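Undergrad: Dumping the structure here so I can ask a few things about it.
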Amino acid sequence: MRDADWLVTGVESTSDGITIRVTGLQGLVQDQSAAFQSSLDDIQVKNPREAKIVGDGSSRYSKARLLLETTLRKTPFQRNSNALTVSTQMLARPLSYQQAAVRKALDPTHVRPRILLADAVGLGKTLEIGMILAELVRRGRGDRILVVTPKHVLEQMQQELWTRFALPFVRLDSVGIQKVRQQLPATRNPFTFYKRAIISVDTLKSARYRTHLKKMKWDAVVIDESHNLVNRNTQNNELANLLSSTTDALILASATPHNGDPRSFAELIRLLDPTAVNPDGTVDKDRARDLIIRRHRNSDEVASVVGADWAERKEPENILVKPTTEEDAVATELSRTWLHPDSGKSPATGQGAAMFGWTLAKAFLSSAAALQETVTNRLKNLTSRATSPDTQREIRALETLKDLNEHSLAGERSAKYAALVERLKNTVKVGPKSNHRAVVFAERVATLHWLQRELPKSLGLKEHQVLILHGGLDDVRQQEVVDQFRRGKSDVRVLVTGDVASEGVNLHAECHDLIHFDIPWSLIRIEQRNGRIDRFGQRESPRIATLLLDPSDARFGGDLRVLSRLMEREHEAHTALGDVASMMGEFSAVKEEESIRQVLAGKKDEDEVLRSVDDVKADDDFLGWLWDDIPEDGDPMPDGVGSPAAAGGTSGAPSGTHGDDGAGHAASGIEAERAPDATGLYASQVDYLDQALHLAFLKPEEQVGWHEHNHEHIAELTAGENTRGLRRRMDHLPKEYLATLKGDGHSKLLFATTIEKGQQELDAARKNATDKQSSTWPEALYLGPLHPVLEWAADSALVGLSENQVIAVRGNVDFPETLVLGTLLNRRGQVISRTITKVQHVSDGFAPAQAVVDLPGYLRTVGLTSNAQNPGAPDVSGLDRLIQQAVDSAEGALQVNAAGAAQDAEQRLDAWANRAKAWQQEALDLNQTADIRARRDRVEREQELADKLRPGRSMVKPLIVVLPQDTPVATEPAPEPAPKPAPESEPEPAATASVTNRNGETA
């Protein structure tokens, strides 16, 4: 379809010439992606000097204002700046420590955006991810994005990115994958069909999807809980390396990015930048610091801003429980036969016999049901193989233990269970007439099922009011459980969960009570559990309790006091350090558990393993240089960011409003910050949308159901027959959001037009959601600057504008002035820098171009505002020569500005290239193992990608001509393009075979 109008979305230099990526503007090609290649197509760039001036006869120069705004919106913000643009206008409270993370990710000294978000549990890494992605999209670097998360938080991540940042992602869980298989041929790569997808690491590492991934190039990849991908020679690690080598931007997120193994940590850093790890495997400390940001609850920059939106936790309670007679008998048998045998030898046989007694003890400390399961499985294994006297001895000991344990299996015979019920009833106040909720953690699935079965009877609840969550559930059920517990009007009162919920799940919106029914033998795991309710956005002081059995056997009781110290150490580290990872010096939950086993077995000293806070501070472990030296304070706010303005929104949410992750604004009067690329032409996003719709349609109220309910701060639009392009865009919106839309065969879209209203709608959706009715997805979504409807409306308006024309208006100027946009692109077609210049056409020629630093101020000065008066289209006869003058003058100024930007870009790339060369030379001096060769290949690929980021060509685009106020009205009004009642109606033959790029140039 070369006989159509296309919008250029990307230009890239390749070995075969130039590739132009486009999106169709109307007719059969509307919203369809395609590519033109100079080796196959005759691509001609329109000369901006030949542009014709057309007088604007629209009321208040609405057409000129819309065209200027749209052109600048579709021109990506420059990549050589880490200034925040759209991310400050979203449903996220403007927290300085989160903004610092975004600026660090966008730091232009980096060859590409690469960062490890290593903030401690609860600081809002999901919001930081959303803000970074939003900024990349605004910079034209976020078209194709892949987000990889654990399967139980797929919907949570998808919901946050859509409802707060208007970034739609297709969720490829098991249901989503089944839909893909129904829609696409088996040979079709699903990632070419879905430009933005969110998928679990378990799904993505399968051979089928790995094959598809090898053929993809991504603008950005996000890997949440990235510490699960660092073990070498695993499928997870192979997947991480594949994604790292096929993406421009890479965002890794993990509160525990290290497992105590320097090689694994180096592997994580190598994903971000292979040259940041020396060829010998040691980490380049200075380079690593540039790639990581790490803060915790007590960091000055965090503590100073979270305030009441993160209530301090109460002193955790370690509740000692005297066991029942039956339980005490089991404990005594475990101690005297298995842990501290009177004979001096445990009956355990086979591999791991020395520690099997503690496997039994840990199961017992979880529940009698868990111990019964462990014993039963062990007996099956023993009786299935040839027996020996030692094996027979173990079988007899296990049968004795099993008989004793059966007496304590009933819920009413478990002292710890009775203590749990007492805690839930009398402290948490869980009951049939109460709204209070609690999270109960236990390690063993058998324990979880037992608790789910018994608790409803003991608490007077119905079965569905106690939910269970563990890793054995499929991904859809896991997401459903999390969603039900978070609903404001859900009947669910207790969530019993395994440690699958200890990573990434937000449970604090409706709950501030957590109970450890058993203790994980790891400080890291304890902290992760507590972080589900103890996190930013928690307005109630978290209450955390641990149930600890206190058996009469002295030796066993002494062993269990080690576990009590674990809970105490976690709270000490939380208070004094803000992070527990370094307390035991293992940096791994698995390794911490093994150390505790060694202490319990008498093979390690308790004080050496469970170090004090002072000991940790004095220690210089291998990661101490990293956490101690990474600066916690963000860089100073760039000019233009931080000053309140009305661009993109109005006031913040009222006091007390907080989102599910604490992202809501905490105080009224907080306004969306003005973006450094704002024009000031429109007071809000809805004003811009309204003008675009009125230009695209004769009567948008009738044709697309456009209405503004100003008193309610709500606007609505019907996606029907006249909006087929919008409906195509909606195909890739979250299905849960689409389910909230109303309309008879059409979708009625509702928009919250202020940040305050958007936050209220988001909070209300969760608060009012019941178990079976309503949705936690808001029906009225905040109309943020990246909302797809704004892009659709802008494209619809552009269809009605003629190509290679410059609109003229009247303004407060003595001589005609032309605004010109100049951009410097790299070889991939990405904008390195952009400059707006003003050329004044004096009576005897024209003055040198001057940079317009404050565009909103300039437009206000000349009077191009919504209050401008237009007596009629100005007479522009004989003025086309001004365009050539403006382009010539602007090109000269652009060359000067571009030279500086190009030099900066070249210097950054040269510095990285020199480091890469030095790395390669150092690698050549080592023994050329397969591992070294693979690393060299990776660095070579990075060098090739870096070369494409070098400065390429520059472009200029005349934006608008401002004429003196006394310019007469044209005797023959300038022809207006015939309004199209439906831009998406049946296609008509195009008048030209051209493509229009984001800067308004055509080819």
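Simple scheme: letters A, B, ... for chains in structure tokens order, numbers from 1 for residues in each chain, numbers from 1 for ligands in the order shown.
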Select from region 246-402 of chain A everything DSSP, run on the backbone, classes as helix (DSSP H, G or I), then give the selection as a PyMOL selection string.

TA: chain A and resi 262-272+274-276+285-291+300-309+325-339+353-366+368-383+389-402

Undergrad: Need to verify the contact set: region 460-462 of chain A, 12 Å, only C-alpha atoms, exclusion of same-chain residues closer than 4 positions in sequence. Can you return it as number ranges by chain?

TA: A: 421, 424-425, 430-435, 452-456, 466-467, 491-494

Undergrad: Which residues, written as a ChimeraX atom specification, have at least one atom at most 10 Å from Arg611 (chain A), with only C-alpha atoms counted and residues fewer than 5 positions away on the same chain left out?

TA: /A:569,582-585,606,616

Undergrad: Any idea what's packed within 8 Å of region 55-57 of chain A, counting only C-alpha atoms, ignoring anything in its chain fewer than 2 positions away? Could you give it as an mmCIF file with C-alpha atoms, in the first residue's frame?

TA:
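Result saved to out.cif:
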data_model
loop_
_atom_site.group_PDB
_atom_site.id
_atom_site.type_symbol
_atom_site.label_atom_id
_atom_site.label_comp_id
_atom_site.auth_asym_id
_atom_site.auth_seq_id
_atom_site.Cartn_x
_atom_site.Cartn_y
_atom_site.Cartn_z
ATOM 1 C CA ILE A 53 2.735 29.521 4.121
ATOM 2 C CA SER A 59 -11.172 30.783 15.725
ATOM 3 C CA TYR A 61 -5.916 30.246 15.894
ATOM 4 C CA LYS A 63 -5.657 25.050 14.143
ATOM 5 C CA ALA A 64 -2.194 26.612 14.451
ATOM 6 C CA ILE A 807 0.634 28.005 9.218
ATOM 7 C CA ALA A 808 0.791 31.752 9.823
ATOM 8 C CA VAL A 809 -0.870 33.629 12.680
ATOM 9 C CA ASN A 870 -8.451 36.111 15.021
ATOM 10 C CA PRO A 871 -10.236 38.563 12.699
ATOM 11 C CA GLY A 872 -9.627 36.213 9.782
ATOM 12 C CA ALA A 873 -6.891 34.381 7.942
ATOM 13 C CA PRO A 874 -3.911 36.751 7.532
ATOM 14 C CA ASP A 875 -2.826 37.711 4.037
ATOM 15 C CA VAL A 876 0.328 35.686 3.287
ATOM 16 C CA PRO A 973 -9.631 33.080 2.648
ATOM 17 C CA ALA A 974 -7.068 30.344 2.739
#

Undergrad: Any idea what's packed within 10 Å of Asp966 (chain A), counting only C-alpha atoms, ignoring anything in its chain fewer than 4 positions away? Could you give it as a list in words?

TA: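 The filter keeps Arg810, Gly811, Asn812, Val813, Asp814 and Pro874 of chain A.
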
Undergrad: Grab the residues selected above and save them as a PDB file, in the first residue's frame with all heavy atoms.

TA:
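Just written: result08.pdb:
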ATOM      1  N   ARG A 810      -1.242  35.836  13.579  1.00  0.00           N
ATOM      2  CA  ARG A 810      -0.829  37.184  13.988  1.00  0.00           C
ATOM      3  C   ARG A 810      -0.378  37.130  15.442  1.00  0.00           C
ATOM      4  O   ARG A 810      -0.858  36.315  16.223  1.00  0.00           O
ATOM      5  CB  ARG A 810      -1.992  38.177  13.860  1.00  0.00           C
ATOM      6  CG  ARG A 810      -2.492  38.375  12.448  1.00  0.00           C
ATOM      7  CD  ARG A 810      -3.655  39.368  12.436  1.00  0.00           C
ATOM      8  NE  ARG A 810      -4.258  39.477  11.123  1.00  0.00           N
ATOM      9  CZ  ARG A 810      -5.171  38.630  10.641  1.00  0.00           C
ATOM     10  NH1 ARG A 810      -5.567  37.611  11.383  1.00  0.00           N
ATOM     11  NH2 ARG A 810      -5.682  38.796   9.446  1.00  0.00           N
ATOM     12  N   GLY A 811       0.552  38.031  15.779  1.00  0.00           N
ATOM     13  CA  GLY A 811       1.032  38.085  17.148  1.00  0.00           C
ATOM     14  C   GLY A 811       1.643  39.429  17.460  1.00  0.00           C
ATOM     15  O   GLY A 811       1.729  40.329  16.607  1.00  0.00           O
ATOM     16  N   ASN A 812       2.091  39.572  18.686  1.00  0.00           N
ATOM     17  CA  ASN A 812       2.671  40.828  19.152  1.00  0.00           C
ATOM     18  C   ASN A 812       4.136  40.907  18.733  1.00  0.00           C
ATOM     19  O   ASN A 812       5.052  40.783  19.557  1.00  0.00           O
ATOM     20  CB  ASN A 812       2.537  40.930  20.669  1.00  0.00           C
ATOM     21  CG  ASN A 812       1.097  40.823  21.129  1.00  0.00           C
ATOM     22  OD1 ASN A 812       0.185  41.367  20.484  1.00  0.00           O
ATOM     23  ND2 ASN A 812       0.873  40.122  22.233  1.00  0.00           N
ATOM     24  N   VAL A 813       4.363  41.111  17.454  1.00  0.00           N
ATOM     25  CA  VAL A 813       5.715  41.227  16.908  1.00  0.00           C
ATOM     26  C   VAL A 813       5.769  42.442  15.994  1.00  0.00           C
ATOM     27  O   VAL A 813       4.758  42.848  15.408  1.00  0.00           O
ATOM     28  CB  VAL A 813       6.121  39.958  16.131  1.00  0.00           C
ATOM     29  CG1 VAL A 813       6.197  38.745  17.066  1.00  0.00           C
ATOM     30  CG2 VAL A 813       5.169  39.689  14.976  1.00  0.00           C
ATOM     31  N   ASP A 814       6.957  43.028  15.863  1.00  0.00           N
ATOM     32  CA  ASP A 814       7.120  44.172  14.962  1.00  0.00           C
ATOM     33  C   ASP A 814       7.407  43.711  13.540  1.00  0.00           C
ATOM     34  O   ASP A 814       7.054  44.395  12.573  1.00  0.00           O
ATOM     35  CB  ASP A 814       8.254  45.070  15.460  1.00  0.00           C
ATOM     36  CG  ASP A 814       7.932  45.693  16.808  1.00  0.00           C
ATOM     37  OD1 ASP A 814       6.748  46.000  17.055  1.00  0.00           O
ATOM     38  OD2 ASP A 814       8.866  45.853  17.629  1.00  0.00           O
ATOM     39  N   PRO A 874      -4.775  35.645   7.964  1.00  0.00           N
ATOM     40  CA  PRO A 874      -3.911  36.751   7.532  1.00  0.00           C
ATOM     41  C   PRO A 874      -3.494  36.586   6.073  1.00  0.00           C
ATOM     42  O   PRO A 874      -3.381  35.465   5.559  1.00  0.00           O
ATOM     43  CB  PRO A 874      -2.716  36.645   8.479  1.00  0.00           C
ATOM     44  CG  PRO A 874      -2.701  35.222   8.928  1.00  0.00           C
ATOM     45  CD  PRO A 874      -4.125  34.790   8.968  1.00  0.00           C
TER      46      PRO A 874
END

Undergrad: Mind checking which residues fall within 6 Å of Gln37 (chain A), counting only C-alpha atoms, ignoring those fewer than 3 positions away in the same chain, and posting them as a PyMOL selection string?

TA: chain A and resi 18-19+40-41

Undergrad: Suppose we keep all heavy atoms; can you now write the selection as a compact mmCIF listing (two decimals), in the first residue's frame?

TA:
# COMPACT_ATOMS: atom_id res chain seq x y z
N ILE A 18 18.79 3.18 4.06
CA ILE A 18 17.94 3.73 5.12
C ILE A 18 16.64 2.94 5.19
O ILE A 18 16.03 2.63 4.17
CB ILE A 18 17.63 5.23 4.86
CG1 ILE A 18 18.91 6.05 4.96
CG2 ILE A 18 16.60 5.75 5.87
CD1 ILE A 18 18.71 7.52 4.64
N THR A 19 16.24 2.60 6.43
CA THR A 19 14.95 1.96 6.67
C THR A 19 14.05 2.94 7.38
O THR A 19 14.44 3.52 8.40
CB THR A 19 15.12 0.70 7.52
OG1 THR A 19 15.93 -0.25 6.81
CG2 THR A 19 13.76 0.07 7.81
N LEU A 40 14.88 -0.56 -1.88
CA LEU A 40 13.73 -1.07 -2.62
C LEU A 40 12.77 0.03 -3.07
O LEU A 40 12.08 -0.13 -4.08
CB LEU A 40 12.95 -2.08 -1.75
CG LEU A 40 13.73 -3.31 -1.26
CD1 LEU A 40 12.84 -4.13 -0.33
CD2 LEU A 40 14.17 -4.15 -2.45
N ASP A 41 12.72 1.11 -2.33
CA ASP A 41 11.76 2.18 -2.61
C ASP A 41 12.48 3.48 -2.94
O ASP A 41 13.58 3.75 -2.45
CB ASP A 41 10.86 2.41 -1.39
CG ASP A 41 10.09 1.16 -1.00
OD1 ASP A 41 9.11 0.84 -1.69
OD2 ASP A 41 10.48 0.52 0.00

Undergrad: So that I can check the secondary structure, give me every residue of region 800-848 of chain A assigned strand (DSSP E) by backbone DSSP, as JSON, numbers by chain.

TA: {"A": [805, 806, 807, 808, 809, 810, 811, 817, 818, 819, 820, 821, 822, 823, 824, 825, 826, 831, 832, 833, 834, 835, 836, 837, 838, 839, 840]}

Undergrad: Output N, CA and C atoms for every residue in that selection, as a compact mmCIF listing (two decimals), in the first residue's frame.

TA:
# COMPACT_ATOMS: atom_id res chain seq x y z
N GLN A 805 3.19 22.38 4.57
CA GLN A 805 2.66 23.73 4.73
C GLN A 805 3.03 24.25 6.12
N VAL A 806 3.19 25.55 6.21
CA VAL A 806 3.47 26.20 7.48
C VAL A 806 2.36 27.20 7.74
N ILE A 807 1.77 27.14 8.90
CA ILE A 807 0.63 28.00 9.22
C ILE A 807 1.14 29.34 9.77
N ALA A 808 0.46 30.40 9.36
CA ALA A 808 0.79 31.75 9.82
C ALA A 808 -0.32 32.29 10.70
N VAL A 809 0.07 32.99 11.77
CA VAL A 809 -0.87 33.63 12.68
C VAL A 809 -0.41 35.06 12.91
N ARG A 810 -1.24 35.84 13.58
CA ARG A 810 -0.83 37.18 13.99
C ARG A 810 -0.38 37.13 15.44
N GLY A 811 0.55 38.03 15.78
CA GLY A 811 1.03 38.08 17.15
C GLY A 811 1.64 39.43 17.46
N GLU A 817 8.12 36.68 12.29
CA GLU A 817 9.04 35.76 12.94
C GLU A 817 8.64 34.32 12.63
N THR A 818 9.64 33.49 12.41
CA THR A 818 9.39 32.08 12.12
C THR A 818 10.06 31.22 13.18
N LEU A 819 9.28 30.30 13.73
CA LEU A 819 9.83 29.32 14.65
C LEU A 819 10.24 28.09 13.86
N VAL A 820 11.44 27.60 14.13
CA VAL A 820 11.98 26.45 13.40
C VAL A 820 12.46 25.41 14.42
N LEU A 821 12.09 24.17 14.17
CA LEU A 821 12.53 23.06 15.01
C LEU A 821 13.70 22.36 14.34
N GLY A 822 14.81 22.23 15.08
CA GLY A 822 15.97 21.53 14.57
C GLY A 822 16.28 20.32 15.43
N THR A 823 16.54 19.20 14.79
CA THR A 823 16.85 17.98 15.54
C THR A 823 18.12 17.34 15.01
N LEU A 824 18.90 16.77 15.92
CA LEU A 824 20.07 15.98 15.57
C LEU A 824 19.76 14.53 15.88
N LEU A 825 19.90 13.65 14.89
CA LEU A 825 19.57 12.24 15.04
C LEU A 825 20.83 11.39 15.05
N ASN A 826 20.75 10.24 15.73
CA ASN A 826 21.84 9.29 15.61
C ASN A 826 21.54 8.34 14.44
N VAL A 831 16.46 10.82 18.45
CA VAL A 831 16.77 12.24 18.62
C VAL A 831 17.82 12.40 19.72
N ILE A 832 18.97 12.92 19.34
CA ILE A 832 20.03 13.21 20.32
C ILE A 832 19.76 14.54 21.00
N SER A 833 19.41 15.53 20.21
CA SER A 833 19.09 16.84 20.76
C SER A 833 18.10 17.53 19.86
N ARG A 834 17.38 18.45 20.40
CA ARG A 834 16.44 19.24 19.59
C ARG A 834 16.45 20.68 20.09
N THR A 835 16.29 21.58 19.16
CA THR A 835 16.38 23.01 19.45
C THR A 835 15.28 23.75 18.70
N ILE A 836 14.63 24.69 19.36
CA ILE A 836 13.68 25.57 18.70
C ILE A 836 14.32 26.94 18.58
N THR A 837 14.36 27.47 17.37
CA THR A 837 14.96 28.78 17.13
C THR A 837 13.92 29.74 16.55
N LYS A 838 14.20 31.00 16.76
CA LYS A 838 13.34 32.07 16.24
C LYS A 838 14.13 32.87 15.23
N VAL A 839 13.56 33.04 14.05
CA VAL A 839 14.19 33.86 13.01
C VAL A 839 13.29 35.07 12.76
N GLN A 840 13.87 36.25 12.98
CA GLN A 840 13.10 37.49 12.76
C GLN A 840 13.43 38.05 11.38

Undergrad: Looking at only C-alpha atoms, which of A:Val321, A:Leu926, A:Leu523, A:Ala794 is the one that sits closest to Leu689 (chain A)?

TA: A:Ala794

Undergrad: Could you check how far CA of Glu702 (chain A) sits from CA of Gly720 (chain A), in Å to one decimal?

TA: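 Spanning CA of Glu702 (chain A) to CA of Gly720 (chain A) is a straight-line distance of 11.4 Å.
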
Undergrad: Using only C-alpha atoms, which protein or nucleic acid residues come within 9 Å of Ser502 (chain A)? Drop anything in the same chain fewer than 5 positions from it, and give the result as an MDAnalysis selection string.

TA: chainID A and resid 441 497 525:532

Undergrad: Just give me the gap between CA of Thr387 (chain A) and CA of Ala331 (chain A) in Å, one decimal is fine.

TA: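 So the two atoms, CA of Thr387 (chain A) and CA of Ala331 (chain A), lie 27.5 Å apart.
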
Undergrad: Pick out the closest residue to Val153 (chain A) from this set: A:Gln484, A:Gln44, A:Thr718, A:Gln478. Count only C-alpha atoms.

TA: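 Looking only at the distances to Val153 (chain A), the closest residue turns out to be A:Gln478.
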
Undergrad: CA of Trp310 (chain A) and CA of Gln159 (chain A), how far apart in Å?

TA: 21.9 Å

Undergrad: Which one of A:Phe36, A:Tyr417, A:Phe356, A:Trp450 sits closest to Gly17 (chain A) if you count only C-alpha atoms?

TA: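 Answer, going by the shortest atom-to-atom distance: A:Phe36.
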
Undergrad: Select, from A:Gly130, A:Pro185, A:Gly558, A:Pro76, the residue with the minimum atom-to-atom distance to Glu160 (chain A), counting only C-alpha atoms.

TA: A:Gly130

Undergrad: Using only C-alpha atoms, which residue out of A:Lys757, A:Arg477, A:Arg378, A:Lys735 lies closest to His713 (chain A)?

TA: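 Under the stated criterion, the closest residue is A:Lys757.
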
Undergrad: Point out the residue among A:Asn710, A:Thr770, A:Ser490, A:Gln943 with the least atom-to-atom distance to Ala752 (chain A), counting only C-alpha atoms.

TA: A:Asn710
